[in-house]
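Have a look at coords_37.cif below; it lists mmCIF, C-alpha atoms.
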data_upload
loop_
_atom_site.label_atom_id
_atom_site.label_comp_id
_atom_site.auth_asym_id
_atom_site.auth_seq_id
_atom_site.Cartn_x
_atom_site.Cartn_y
_atom_site.Cartn_z
CA MET A 1 -16.79 52.75 2.54
CA VAL A 2 -17.37 50.30 5.37
CA PHE A 3 -18.59 46.74 4.85
CA ASN A 4 -20.27 46.02 8.09
CA ASP A 5 -23.92 45.49 7.30
CA LYS A 6 -25.19 42.06 6.30
CA ASN A 7 -26.00 42.70 2.67
CA SER A 8 -22.64 44.09 1.71
CA GLN A 9 -20.96 41.17 3.52
CA LYS A 10 -23.01 38.86 1.35
CA ILE A 11 -21.74 40.56 -1.80
CA VAL A 12 -18.17 40.25 -0.56
CA ASP A 13 -18.74 36.56 0.16
CA ILE A 14 -20.09 35.95 -3.34
CA ILE A 15 -17.06 37.61 -4.92
CA GLU A 16 -14.69 35.80 -2.55
CA ASN A 17 -16.27 32.41 -3.18
CA TYR A 18 -16.26 33.01 -6.93
CA ALA A 19 -12.55 33.71 -6.79
CA ARG A 20 -11.91 30.66 -4.63
CA LYS A 21 -13.83 28.24 -6.80
CA SER A 22 -12.26 29.52 -10.02
CA SER A 23 -8.73 28.79 -8.98
CA LEU A 24 -8.38 25.41 -7.29
CA TRP A 25 -4.82 24.29 -6.91
CA ILE A 26 -4.37 20.59 -6.25
CA LEU A 27 -1.47 19.54 -4.11
CA ALA A 28 0.61 17.27 -6.32
CA TYR A 29 0.72 14.39 -3.86
CA GLY A 30 -0.59 11.01 -4.92
CA THR A 31 -1.18 8.53 -2.15
CA GLY A 32 -2.47 5.46 -3.94
CA CYS A 33 -3.06 4.07 -7.39
CA GLY A 34 -5.57 6.81 -8.26
CA ALA A 35 -2.85 9.37 -8.89
CA ILE A 36 -2.49 7.85 -12.34
CA GLU A 37 -5.88 9.31 -13.32
CA LEU A 38 -4.70 12.85 -12.68
CA PRO A 39 -2.25 13.36 -15.56
CA PRO A 40 -5.01 12.78 -18.17
CA THR A 41 -7.30 15.03 -16.14
CA VAL A 42 -4.99 18.02 -16.22
CA THR A 43 -3.42 17.51 -19.63
CA SER A 44 -4.86 18.30 -23.05
CA ARG A 45 -7.51 15.58 -23.36
CA TYR A 46 -9.67 16.60 -20.39
CA ASP A 47 -7.88 19.87 -19.74
CA SER A 48 -9.06 20.73 -16.26
CA GLU A 49 -7.17 24.00 -16.34
CA ARG A 50 -10.04 25.56 -18.28
CA LEU A 51 -11.98 25.18 -15.00
CA GLY A 52 -9.12 26.64 -13.01
CA ILE A 53 -7.92 23.28 -11.65
CA HIS A 54 -4.21 22.69 -11.75
CA PHE A 55 -1.35 21.24 -9.75
CA GLY A 56 0.44 23.21 -7.08
CA ALA A 57 3.83 22.32 -5.74
CA THR A 58 3.79 22.79 -1.98
CA PRO A 59 1.16 22.41 0.75
CA ARG A 60 1.19 26.09 1.58
CA GLN A 61 0.27 27.06 -1.98
CA ALA A 62 -2.39 24.40 -2.53
CA ASP A 63 -6.14 24.54 -1.92
CA VAL A 64 -7.26 20.98 -2.57
CA LEU A 65 -5.84 17.81 -1.05
CA LEU A 66 -6.74 14.82 -3.17
CA ILE A 67 -6.55 11.50 -1.37
CA THR A 68 -6.12 9.32 -4.43
CA GLY A 69 -6.88 5.80 -3.31
CA TYR A 70 -5.96 3.61 -0.37
CA LEU A 71 -4.23 5.14 2.62
CA THR A 72 -1.85 3.11 4.69
CA THR A 73 -1.35 4.20 8.28
CA LYS A 74 2.18 5.17 7.33
CA THR A 75 0.90 7.52 4.62
CA LEU A 76 -1.91 8.79 6.82
CA LYS A 77 0.68 10.24 9.16
CA ARG A 78 2.20 12.27 6.32
CA VAL A 79 -1.20 13.23 4.96
CA ILE A 80 -2.28 14.65 8.32
CA ARG A 81 0.91 16.68 8.49
CA VAL A 82 0.43 17.95 4.97
CA TYR A 83 -3.19 18.84 5.64
CA GLU A 84 -2.31 20.79 8.75
CA GLN A 85 0.34 22.76 6.88
CA MET A 86 -2.09 23.87 4.19
CA GLN A 87 -3.44 27.40 4.39
CA ASP A 88 -7.13 28.22 4.56
CA PRO A 89 -9.22 27.85 2.43
CA LYS A 90 -8.53 24.13 2.05
CA TYR A 91 -10.63 21.27 0.82
CA VAL A 92 -10.27 17.49 0.84
CA ILE A 93 -11.54 15.22 -1.91
CA GLY A 94 -11.73 11.49 -1.21
CA PHE A 95 -10.97 9.71 -4.42
CA GLY A 96 -12.02 6.15 -5.17
CA SER A 97 -13.85 3.54 -3.15
CA CYS A 98 -10.87 2.86 -0.87
CA THR A 99 -11.34 6.20 0.86
CA ILE A 100 -15.06 5.59 1.31
CA ASN A 101 -15.20 2.12 2.82
CA GLY A 102 -11.83 0.51 2.29
CA GLY A 103 -12.52 -0.78 -1.19
CA MET A 104 -10.71 -3.98 -2.02
CA TYR A 105 -8.29 -3.38 0.89
CA TRP A 106 -11.03 -3.39 3.53
CA ASP A 107 -9.52 -6.30 5.52
CA SER A 108 -5.89 -5.33 5.08
CA TYR A 109 -3.72 -4.92 8.16
CA ASN A 110 -2.33 -1.51 7.28
CA THR A 111 -4.93 0.51 5.37
CA ILE A 112 -7.62 2.68 6.93
CA ASN A 113 -11.19 2.07 5.85
CA ALA A 114 -13.04 5.36 6.19
CA LEU A 115 -11.19 8.57 5.44
CA ASP A 116 -13.71 10.91 7.04
CA ARG A 117 -12.84 9.55 10.47
CA TYR A 118 -9.38 11.07 10.17
CA LEU A 119 -9.76 14.11 7.90
CA PRO A 120 -12.82 16.20 7.00
CA VAL A 121 -13.89 15.24 3.48
CA ASP A 122 -15.82 17.74 1.39
CA VAL A 123 -16.49 15.61 -1.68
CA TYR A 124 -16.23 11.88 -2.33
CA ILE A 125 -15.74 10.55 -5.82
CA ASN A 126 -16.62 6.87 -6.04
CA GLY A 127 -15.32 4.32 -8.49
CA CYS A 128 -12.32 2.07 -8.68
CA MET A 129 -10.73 4.02 -10.25
CA PRO A 130 -12.88 7.04 -11.13
CA ARG A 131 -12.30 8.12 -14.70
CA PRO A 132 -11.27 11.69 -15.50
CA GLU A 133 -14.89 12.53 -16.29
CA ALA A 134 -15.87 11.48 -12.79
CA VAL A 135 -12.99 13.47 -11.34
CA LEU A 136 -14.16 16.57 -13.19
CA ALA A 137 -17.73 15.94 -12.00
CA GLY A 138 -16.42 15.77 -8.45
CA PHE A 139 -14.61 19.05 -8.89
CA ALA A 140 -17.74 20.63 -10.36
CA LYS A 141 -19.58 19.51 -7.24
CA LEU A 142 -16.88 21.00 -5.04
CA GLN A 143 -17.08 24.28 -6.94
CA LYS A 144 -20.84 24.40 -6.38
CA LEU A 145 -20.32 23.80 -2.67
CA ILE A 146 -17.68 26.50 -2.48
CA GLN A 147 -19.92 29.00 -4.29
CA ALA A 148 -22.71 28.20 -1.85
CA GLY A 149 -20.29 28.58 1.05
CA LYS A 150 -20.88 25.01 2.23
CA ALA A 151 -17.41 23.52 1.77
CA ASP A 152 -16.32 24.18 5.33
CA GLY A 153 -14.36 21.04 6.10
CA ALA A 154 -11.47 23.03 7.53
CA ASN A 155 -13.74 24.70 10.09
CA LYS A 156 -15.22 21.33 10.96
CA TYR A 157 -11.73 20.02 11.56
CA LYS A 158 -10.83 22.91 13.85
CA GLU A 159 -14.03 22.65 15.85
CA ASN A 160 -13.90 18.87 16.29
CA LEU A 161 -10.15 18.53 16.53
CA ASP A 162 -10.37 16.35 19.63
CA TRP A 163 -12.51 13.76 17.89
CA TYR A 164 -10.25 13.66 14.85
CA ARG A 165 -7.12 13.48 17.02
CA THR A 166 -8.53 10.57 19.02
CA ASN A 167 -9.21 8.64 15.83
CA GLN A 168 -5.84 9.52 14.36
CA LYS A 169 -3.95 8.51 17.47
CA LYS A 170 -5.81 5.21 17.58
CA VAL A 171 -4.26 4.07 14.30
CA ILE A 172 -0.94 5.93 14.72
CA PRO A 173 0.29 4.62 18.07
CA ASN A 174 3.65 6.38 18.04
CA TRP A 175 2.53 9.99 17.68
CA ARG A 176 5.51 12.25 17.06
CA MET A 177 3.87 15.19 15.32
CA PRO A 178 4.12 18.94 15.82
CA GLU A 179 1.08 20.59 17.36
CA TYR A 180 -0.13 23.50 15.26
CA ASN A 181 -2.13 26.35 16.68
CA TRP A 182 -4.09 28.04 13.96
CA MET B 1 19.27 -25.02 -23.31
CA LYS B 2 18.96 -28.67 -22.32
CA GLU B 3 22.71 -29.31 -22.45
CA ILE B 4 23.38 -26.25 -20.32
CA LYS B 5 20.85 -27.38 -17.78
CA THR B 6 22.20 -30.93 -17.49
CA LYS B 7 25.70 -29.53 -17.17
CA ILE B 8 24.66 -27.22 -14.36
CA ILE B 9 22.77 -30.01 -12.58
CA GLU B 10 25.79 -32.31 -12.82
CA ARG B 11 28.21 -29.73 -11.48
CA ILE B 12 25.92 -28.69 -8.62
CA LYS B 13 25.22 -32.29 -7.62
CA SER B 14 28.89 -33.20 -7.62
CA HIS B 15 29.66 -30.30 -5.30
CA PHE B 16 26.62 -30.33 -3.07
CA GLN B 17 25.39 -33.82 -2.25
CA ASP B 18 22.23 -32.65 -0.51
CA ALA B 19 20.92 -30.71 -3.51
CA VAL B 20 17.69 -32.06 -4.98
CA GLU B 21 16.98 -30.68 -8.41
CA ARG B 22 13.68 -30.10 -10.16
CA ASP B 23 13.54 -29.11 -13.78
CA TYR B 24 10.29 -27.71 -14.97
CA ASP B 25 10.34 -24.86 -17.37
CA TYR B 26 12.16 -23.86 -20.50
CA ASN B 27 14.66 -21.60 -18.74
CA ARG B 28 14.12 -22.43 -15.13
CA LEU B 29 15.89 -24.73 -12.69
CA ASP B 30 15.19 -25.48 -9.08
CA PHE B 31 17.43 -26.76 -6.28
CA SER B 32 16.35 -27.68 -2.78
CA VAL B 33 19.17 -27.72 -0.27
CA LYS B 34 19.73 -27.85 3.48
CA LYS B 35 20.00 -24.49 5.17
CA GLU B 36 23.68 -24.93 6.06
CA THR B 37 24.55 -25.18 2.36
CA ILE B 38 22.93 -21.88 1.39
CA PRO B 39 25.95 -19.51 1.50
CA SER B 40 28.28 -21.95 -0.22
CA ILE B 41 25.86 -22.89 -2.99
CA LEU B 42 25.08 -19.23 -3.67
CA PHE B 43 28.81 -18.41 -3.71
CA TYR B 44 29.41 -21.26 -6.10
CA LEU B 45 26.54 -20.26 -8.39
CA LYS B 46 27.70 -16.66 -8.50
CA ASP B 47 31.42 -17.18 -8.97
CA GLU B 48 31.65 -20.41 -10.94
CA MET B 49 28.36 -20.66 -12.81
CA ASN B 50 27.95 -16.98 -13.74
CA PHE B 51 24.67 -16.37 -11.93
CA LYS B 52 25.55 -12.77 -11.25
CA HIS B 53 22.11 -11.37 -10.58
CA LEU B 54 20.06 -11.93 -7.44
CA SER B 55 16.49 -11.21 -8.52
CA HIS B 56 14.72 -11.76 -5.26
CA ILE B 57 14.58 -13.52 -1.93
CA THR B 58 11.13 -14.61 -0.94
CA CYS B 59 9.45 -16.90 1.54
CA VAL B 60 6.65 -19.44 1.58
CA ASP B 61 4.90 -20.16 4.85
CA TRP B 62 4.16 -23.88 5.23
CA LEU B 63 2.04 -23.55 8.33
CA GLU B 64 0.86 -27.18 8.44
CA GLU B 65 4.42 -28.50 8.25
CA LYS B 66 5.68 -25.83 10.70
CA GLU B 67 8.32 -24.66 8.26
CA PHE B 68 9.34 -21.62 6.25
CA GLU B 69 10.65 -22.13 2.74
CA VAL B 70 13.06 -19.38 1.76
CA VAL B 71 13.59 -19.06 -1.99
CA PHE B 72 16.56 -17.34 -3.60
CA ILE B 73 15.98 -16.43 -7.24
CA LEU B 74 19.08 -15.98 -9.40
CA TRP B 75 19.51 -15.08 -13.04
CA SER B 76 22.35 -15.72 -15.43
CA TYR B 77 22.86 -13.20 -18.21
CA THR B 78 25.16 -15.49 -20.18
CA ASP B 79 22.99 -18.63 -20.10
CA ARG B 80 19.67 -16.74 -19.88
CA LEU B 81 18.62 -19.14 -17.16
CA GLN B 82 16.82 -18.68 -13.88
CA VAL B 83 17.74 -20.73 -10.84
CA TYR B 84 15.66 -21.10 -7.70
CA VAL B 85 17.48 -22.19 -4.57
CA ARG B 86 15.10 -23.33 -1.87
CA THR B 87 15.66 -24.20 1.73
CA ARG B 88 13.38 -25.15 4.59
CA ILE B 89 13.85 -23.71 8.07
CA ASP B 90 12.09 -24.27 11.35
CA ARG B 91 9.09 -22.00 11.78
CA ASP B 92 9.42 -21.48 15.52
CA HIS B 93 13.12 -20.54 15.43
CA PRO B 94 13.62 -19.15 11.93
CA VAL B 95 17.35 -18.44 11.61
CA LEU B 96 19.29 -18.31 8.36
CA ASP B 97 22.78 -17.19 7.32
CA ASN B 98 23.11 -13.63 6.16
CA ILE B 99 24.26 -13.44 2.53
CA ASP B 100 24.65 -9.72 1.99
CA MET B 101 28.40 -10.10 1.59
CA ILE B 102 27.65 -12.03 -1.62
CA TRP B 103 25.11 -9.59 -3.00
CA ARG B 104 24.71 -6.26 -1.25
CA GLN B 105 21.10 -5.89 -2.37
CA ALA B 106 20.24 -9.01 -0.37
CA ASN B 107 20.24 -6.74 2.66
CA THR B 108 17.01 -5.09 1.46
CA TYR B 109 15.21 -8.40 0.91
CA GLU B 110 16.43 -9.78 4.21
CA ARG B 111 15.14 -6.77 6.08
CA GLU B 112 11.80 -7.22 4.38
CA LEU B 113 11.67 -10.90 5.34
CA LYS B 114 12.63 -10.01 8.88
CA GLU B 115 9.69 -7.65 9.21
CA MET B 116 7.10 -9.57 7.26
CA TYR B 117 7.90 -13.14 8.42
CA GLY B 118 10.13 -12.67 11.45
CA ILE B 119 13.07 -14.56 9.97
CA ASN B 120 16.34 -13.70 11.68
CA PHE B 121 19.45 -13.47 9.54
CA THR B 122 22.62 -13.83 11.59
CA GLY B 123 24.61 -10.62 11.63
CA LEU B 124 22.13 -8.67 9.52
CA GLU B 125 22.60 -4.93 9.72
CA ALA B 126 19.10 -3.52 10.04
CA PRO B 127 19.35 -0.28 11.98
CA GLU B 128 15.72 0.78 11.89
CA GLU B 129 12.31 -0.32 10.79
CA PHE B 130 12.01 -0.81 7.08
CA LEU B 131 8.49 -1.02 5.65
CA LEU B 132 6.26 -1.24 8.69
CA GLU B 133 6.16 1.80 10.91
CA ASP B 134 5.34 1.61 14.61
CA TRP B 135 4.27 -1.98 14.19
CA GLU B 136 3.41 -3.83 17.35
CA GLY B 137 2.34 -7.38 16.89
CA PRO B 138 3.25 -10.52 15.00
CA PRO B 139 4.85 -10.35 11.54
CA PRO B 140 1.87 -9.69 9.29
CA MET B 141 2.65 -11.96 6.35
CA ARG B 142 2.63 -15.12 8.45
CA ARG B 143 -0.37 -17.23 7.68
CA ASP B 144 -1.47 -17.51 11.30
CA PHE B 145 -1.79 -13.73 11.55
CA ASP B 146 -5.48 -12.95 11.10
CA THR B 147 -5.52 -9.73 9.10
CA ARG B 148 -9.30 -9.52 9.07
CA GLU B 149 -9.56 -9.76 12.83
CA TYR B 150 -6.76 -7.22 13.22
CA ALA B 151 -8.41 -4.79 10.77
CA ALA B 152 -11.77 -5.14 12.49
CA ARG B 153 -10.13 -4.40 15.83
CA THR B 154 -7.99 -1.48 14.68
CA TYR B 155 -9.89 0.30 11.93
CA TYR B 156 -13.42 1.55 11.74
CA THR B 157 -15.46 -0.46 9.26
CA ARG B 158 -18.32 1.36 7.67
CA PRO B 159 -21.62 -0.55 7.84
CA GLY B 160 -23.21 -1.66 4.61
CA ARG B 161 -20.44 -4.00 3.55
CA GLU B 162 -21.97 -7.14 5.04
CA ASP B 163 -22.51 -8.80 1.69
CA ALA B 164 -18.86 -8.35 0.82
CA GLN B 165 -17.85 -10.96 3.43
CA ASP B 166 -17.95 -13.79 0.97
CA VAL B 167 -19.03 -13.33 -2.60
CA ARG B 168 -19.99 -16.98 -3.02
CA GLU B 169 -22.49 -16.91 -0.17
CA THR B 170 -24.11 -13.80 -1.57
CA ILE B 171 -24.44 -15.45 -4.97
CA ILE B 172 -26.02 -18.52 -3.38
CA LYS B 173 -28.44 -16.38 -1.41
CA ARG B 174 -29.50 -14.43 -4.46
CA THR B 175 -29.67 -17.14 -7.09
CA GLY B 176 -30.10 -20.41 -5.17
CA GLU B 177 -27.08 -21.84 -6.94
CA GLU B 178 -25.30 -24.93 -5.53
CA LEU B 179 -21.85 -24.55 -4.07
CA PRO B 180 -19.35 -26.93 -5.70
CA ASP B 181 -17.56 -29.34 -3.38
CA PHE B 182 -14.09 -27.88 -3.86
CA ALA B 183 -15.38 -24.44 -2.90
CA LYS B 184 -16.74 -25.66 0.44
CA LYS B 185 -13.20 -26.31 1.58
CA TYR B 186 -12.39 -22.61 1.37
CA LYS B 187 -15.53 -21.48 3.18
CA ARG B 188 -14.81 -18.69 5.65
#

Translate the structure of the given file into structure tokens.
Amino acid sequence: MVFNDKNSQKIVDIIENYARKSSLWILAYGTGCGAIELPPTVTSRYDSERLGIHFGATPRQADVLLITGYLTTKTLKRVIRVYEQMQDPKYVIGFGSCTINGGMYWDSYNTINALDRYLPVDVYINGCMPRPEAVLAGFAKLQKLIQAGKADGANKYKENLDWYRTNQKKVIPNWRMPEYNW
Amino acid sequence: MKEIKTKIIERIKSHFQDAVERDYDYNRLDFSVKKETIPSILFYLKDEMNFKHLSHITCVDWLEEKEFEVVFILWSYTDRLQVYVRTRIDRDHPVLDNIDMIWRQANTYERELKEMYGINFTGLEAPEEFLLEDWEGPPPMRRDFDTREYAARTYYTRPGREDAQDVRETIIKRTGEELPDFAKKYKR
């Protein structure tokens, strides 16, 4: 059997997307204060594992990168490296108001104000901090996007790499990072 | 507690003539000294008065008086007493004696002060950058460093935050409330 016509490709996509959305592994990497909301989210009270959401250990095994809170330029450097090591499919969730517009650290000398200038963000969860219910709602939104095939932040990043690199290098003056070729 | 405190004040004042004491809390004492006295008074407090624990070294920026005030916070486990040792140094040439031969952990605090305030400790071993990475510019915790201007220049600020500039002005605009006199002093 050969899957080369459009309709059978569609069916394959549906099955693929269903599998992807049902097993989202979060990279266990907390960048700001929001990481404290994740233990209640994955443990028995809110039990996100029933939706297939759980922690993964390394970047190469994880699907979702959660930016939990403010990002200093020092952390941004590590986050970019981690994001570029992750395998496709990969998604980014901006967590808390700090990733959206800087939050309460908007005039600080070492925190970035808008995450989507540096990494492609699929879903934003607002709040300071978002409660586990909000986190789960954000994940539900991400799952819907994945099922519809619209969570394509990784492709966006590859296509507009120059723009992202320019922004990244503007806040990280001393750029000593490996260049990946996907 | 009071007898212990008076005893400590007496002993310190007999050894260090330039020490000015201030006694304000139940278990807190405060000494202001000249900067040359710092190593000897800390040595004395540690070895003779049993203040074994250095809690912190911190700094206050007195911009108007062109001085830094470096504060050493010590704790005694036997007397359950906290002692602050303060000293003022010149803001343009901030140099102080290195004390990490008294407490090794002082090295960490001194490196932090060096990066955040630009205070030089003589003979401090600080091989590489500590908290700030790739930082070019003035020490950021000094009061004359304008963090808002720096952030506006370096980072992209998303529009729609205009009313977050000063909460008081927004309240006045929305409610017509009068600004109290003391608040006008802090107007941005």

Nearest to chain B among A:Lys169, A:His54, A:Arg20, A:Lys144, with distances taken over only C-alpha atoms: which residue is it?
-> A:Lys169

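Distances here use all atoms listed in the file; by that measure, the residue among B:Asp181, B:Asp134, B:Glu125, B:Glu3 closest to chain A is B:Asp134.
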
Find the residues around Asn50 in chain B up to 7 Å (all atoms listed in the file counted), leave out those fewer than 4 positions away in its own chain, and share them as a ChimeraX atom specification.
-> /B:45-46,76

Proximity of chain B to chain A: per-residue shortest pair, 8 Å limit, all atoms listed in the file, as a tab-separated table:
residue	atom	partner	partner_atom	distance
B:Leu132	CA	A:Lys74	CA	7.7
B:Glu133	CA	A:Lys74	CA	6.3
B:Asp134	CA	A:Asn174	CA	6.1
B:Pro140	CA	A:Tyr109	CA	7.4
B:Thr147	CA	A:Tyr109	CA	5.2
B:Arg148	CA	A:Asp107	CA	4.8
B:Tyr150	CA	A:Tyr109	CA	6.3
B:Ala151	CA	A:Tyr109	CA	5.4
B:Ala152	CA	A:Asp107	CA	7.4
B:Thr154	CA	A:Val171	CA	6.7
B:Tyr155	CA	A:Ile112	CA	6.0
B:Tyr156	CA	A:Asn113	CA	6.3
B:Thr157	CA	A:Asn113	CA	6.0
B:Arg158	CA	A:Asn101	CA	5.8

Selection export as a PDB file, keeping the file's coordinate frame, atoms kept: C-alpha atoms:
ATOM      1  CA  LEU B 132       6.260  -1.240   8.690  1.00  0.00           C
ATOM      2  CA  GLU B 133       6.160   1.800  10.910  1.00  0.00           C
ATOM      3  CA  ASP B 134       5.340   1.610  14.610  1.00  0.00           C
ATOM      4  CA  PRO B 140       1.870  -9.690   9.290  1.00  0.00           C
ATOM      5  CA  THR B 147      -5.520  -9.730   9.100  1.00  0.00           C
ATOM      6  CA  ARG B 148      -9.300  -9.520   9.070  1.00  0.00           C
ATOM      7  CA  TYR B 150      -6.760  -7.220  13.220  1.00  0.00           C
ATOM      8  CA  ALA B 151      -8.410  -4.790  10.770  1.00  0.00           C
ATOM      9  CA  ALA B 152     -11.770  -5.140  12.490  1.00  0.00           C
ATOM     10  CA  THR B 154      -7.990  -1.480  14.680  1.00  0.00           C
ATOM     11  CA  TYR B 155      -9.890   0.300  11.930  1.00  0.00           C
ATOM     12  CA  TYR B 156     -13.420   1.550  11.740  1.00  0.00           C
ATOM     13  CA  THR B 157     -15.460  -0.460   9.260  1.00  0.00           C
ATOM     14  CA  ARG B 158     -18.320   1.360   7.670  1.00  0.00           C
TER      15      ARG B 158
END

Phe55 in chain A surroundings by all atoms listed in the file, 7 Å radius, close-in-sequence under 2 positions cut, as an NGL selection string | :A and (25-28 or 57)

Please, what distance in Å, to one decimal, runs between CA of Val123 in chain A and CA of Leu24 in chain A?
-> 13.9 Å

Atomic distance CA of Asp122 in chain A - CA of Pro178 in chain A, expressed in Å with one decimal |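 According to the coordinates, CA of Asp122 in chain A and CA of Pro178 in chain A are separated by 24.6 Å.
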
Proximity to Leu96 in chain B - best of B:Val70, B:Ile172, B:Met116, B:Val60, only C-alpha atoms =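 Looking at the shortest contact to Leu96 in chain B, the residue is B:Val70.
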
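Distances here use only C-alpha atoms; by that measure, the residue among B:Ala126, B:Thr78, B:Met49, B:His56 closest to Glu10 in chain B is B:Met49.
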